[in-house]
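Engineer: What follows is a single structure, and I will ask about it in a moment.
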Amino acid sequence: MNKHISLTIDGQSVSGIISDLSRSGLTVEITSPFSGYRTGRNVATFARASRNYLVIGEQVASELLTELYNDLKLLAEKRDLLTTEFKRVLSKLRQHKANQKELSAKTSELRQQFKAGLQDQKQYQQSLKAIRDNETQQDMQSRELVEQFIDDHLPGWHHSLDHDQLISFLSSD
């Protein structure tokens with residue numbers, strides 16, 4: 001399902017598509033003046049009786065498209081300053097990714113050792129738990145870095161972009 005929507009926000013024509021619409025949620029993608037960014041909303045199962053996106057989808061899609069446009073506009077206006085500041089965060093995020101790759105390699109190595117009979121089940125599970133705990137900690141630290149960056153540099157941020165989209169926007173030229 002791709003339903004086109006158009007709005008005028010502060011004199012700017014903004015276009016997008018509702019790329020997914022169901023009773024329980026919707027996804028909106030902006031196509032102009034920015035493109036390639038999307039956001040969405042979902043309703044928890046217990047609340048579906050009072051909120052049906054098939055009925056209110058266009059209204060919610062307009063709200064989401066507006067939030068998405070405003071966030072992207074804010075990022076574009078502050079891009080030079082944000083990019084400079086974000087380089088520090090990005091280097092830390094790259095280090096976290098490198099650490100996660102190392103942990104992934106350790107997981108594979110551990111699995112091979114277990115299959116070869118070099119570790120018993122208990123040792124394997126304990127080692128695997130330690131690696132997974134470390135992966136979780138790395139992921140949380142990465143998210144905290146981005147959240148702190150947002151808090152410090154983007155007051156009024158709607159969080160319509162997920163962390164990966166924000167990183168992509170600030171990493172692109």
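Identifiers in the structure tokens: chain A, B, ... in order shown; residue index from 1 per chain; ligand index from 1 in order shown.
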Please identify which residues in stretch 2-110 of chain A DSSP calls strand (DSSP E or B) from the backbone, and express them as a ChimeraX atom specification.

Structural biologist: /A:3-9,12-22,25-32,37-42

Engineer: Output the selection as a compact mmCIF listing (two decimals), in the first residue's frame - N, CA and C atoms for each residue.

Structural biologist:
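Below is the file that was written, result.txt:
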# COMPACT_ATOMS: atom_id res chain seq x y z
N LYS A 3 0.04 5.13 -0.33
CA LYS A 3 -0.88 6.24 -0.52
C LYS A 3 -0.10 7.54 -0.35
N HIS A 4 -0.17 8.39 -1.36
CA HIS A 4 0.56 9.65 -1.33
C HIS A 4 -0.17 10.67 -0.47
N ILE A 5 0.62 11.44 0.29
CA ILE A 5 0.06 12.54 1.07
C ILE A 5 0.92 13.77 0.84
N SER A 6 0.28 14.92 0.84
CA SER A 6 0.97 16.19 0.64
C SER A 6 0.46 17.20 1.66
N LEU A 7 1.39 17.97 2.19
CA LEU A 7 1.07 19.01 3.17
C LEU A 7 1.85 20.27 2.82
N THR A 8 1.41 21.39 3.36
CA THR A 8 2.21 22.61 3.31
C THR A 8 2.53 22.97 4.74
N ILE A 9 3.83 23.01 5.04
CA ILE A 9 4.28 23.30 6.40
C ILE A 9 5.17 24.54 6.34
N GLN A 12 6.26 25.50 2.97
CA GLN A 12 7.02 24.49 2.23
C GLN A 12 6.12 23.32 1.87
N SER A 13 6.13 22.94 0.61
CA SER A 13 5.37 21.77 0.18
C SER A 13 6.13 20.52 0.62
N VAL A 14 5.44 19.64 1.34
CA VAL A 14 6.03 18.41 1.87
C VAL A 14 5.20 17.24 1.37
N SER A 15 5.89 16.25 0.81
CA SER A 15 5.20 15.07 0.29
C SER A 15 5.73 13.82 0.95
N GLY A 16 4.86 12.83 0.98
CA GLY A 16 5.27 11.56 1.55
C GLY A 16 4.30 10.48 1.12
N ILE A 17 4.58 9.28 1.59
CA ILE A 17 3.69 8.16 1.31
C ILE A 17 3.42 7.40 2.61
N ILE A 18 2.21 6.90 2.69
CA ILE A 18 1.87 5.97 3.76
C ILE A 18 2.23 4.61 3.17
N SER A 19 3.35 4.05 3.63
CA SER A 19 3.83 2.81 3.02
C SER A 19 3.25 1.57 3.68
N ASP A 20 2.72 1.74 4.88
CA ASP A 20 2.11 0.60 5.57
C ASP A 20 0.99 1.14 6.44
N LEU A 21 -0.18 0.55 6.32
CA LEU A 21 -1.33 0.97 7.11
C LEU A 21 -2.12 -0.26 7.49
N SER A 22 -2.31 -0.42 8.78
CA SER A 22 -3.14 -1.52 9.28
C SER A 22 -3.92 -1.00 10.48
N GLY A 25 -1.25 -0.09 13.18
CA GLY A 25 -0.11 0.80 12.99
C GLY A 25 0.01 1.34 11.58
N LEU A 26 0.96 2.27 11.43
CA LEU A 26 1.22 2.82 10.11
C LEU A 26 2.67 3.27 10.03
N THR A 27 3.16 3.36 8.78
CA THR A 27 4.50 3.85 8.50
C THR A 27 4.40 4.91 7.43
N VAL A 28 5.10 6.02 7.66
CA VAL A 28 5.11 7.14 6.72
C VAL A 28 6.55 7.38 6.28
N GLU A 29 6.72 7.61 4.97
CA GLU A 29 8.04 7.93 4.42
C GLU A 29 7.96 9.28 3.74
N ILE A 30 8.92 10.15 4.04
CA ILE A 30 8.96 11.47 3.40
C ILE A 30 9.62 11.31 2.03
N THR A 31 9.07 11.96 1.02
CA THR A 31 9.63 11.87 -0.33
C THR A 31 10.13 13.22 -0.84
N SER A 32 9.63 14.32 -0.27
CA SER A 32 10.07 15.64 -0.68
C SER A 32 9.79 16.63 0.45
N TYR A 37 13.71 8.73 4.45
CA TYR A 37 13.52 8.67 5.90
C TYR A 37 12.08 8.31 6.19
N ARG A 38 11.91 7.50 7.22
CA ARG A 38 10.56 7.03 7.56
C ARG A 38 10.39 6.97 9.06
N THR A 39 9.13 6.97 9.45
CA THR A 39 8.76 6.83 10.85
C THR A 39 7.41 6.14 10.91
N GLY A 40 7.03 5.72 12.09
CA GLY A 40 5.76 5.03 12.21
C GLY A 40 5.24 5.01 13.63
N ARG A 41 4.04 4.53 13.75
CA ARG A 41 3.40 4.35 15.06
C ARG A 41 2.69 3.02 15.08
N ASN A 42 2.66 2.44 16.27
CA ASN A 42 1.93 1.20 16.50
C ASN A 42 1.12 1.32 17.77

Engineer: Stretch 23-81 of chain A near stretch 137-158 of chain A within 8 Å: what's each residue's closest atom pair and its distance in Å to one decimal, counting only C-alpha atoms, ordered by chain then ascending residue number, as a tab-separated table?

Structural biologist:
residue	atom	partner	partner_atom	distance
A:Glu67	CA	A:His158	CA	6.3
A:Leu68	CA	A:His158	CA	7.9
A:Asp71	CA	A:Trp157	CA	6.3

Engineer: In terms of the shortest atom-to-atom distance over only C-alpha atoms, which of A:Ser168, A:Leu65, A:Tyr124, A:Gln95 is closest to A:Glu109?

Structural biologist: A:Tyr124

Engineer: If we count only C-alpha atoms and set the cut-off at 10 Å, which residues sit around A:Ile167, ignoring sequence neighbours fewer than 4 positions away in its own chain? Please answer as a PyMOL selection string.

Structural biologist: chain A and resi 83+86+89-90+93+146+161-163+171-172
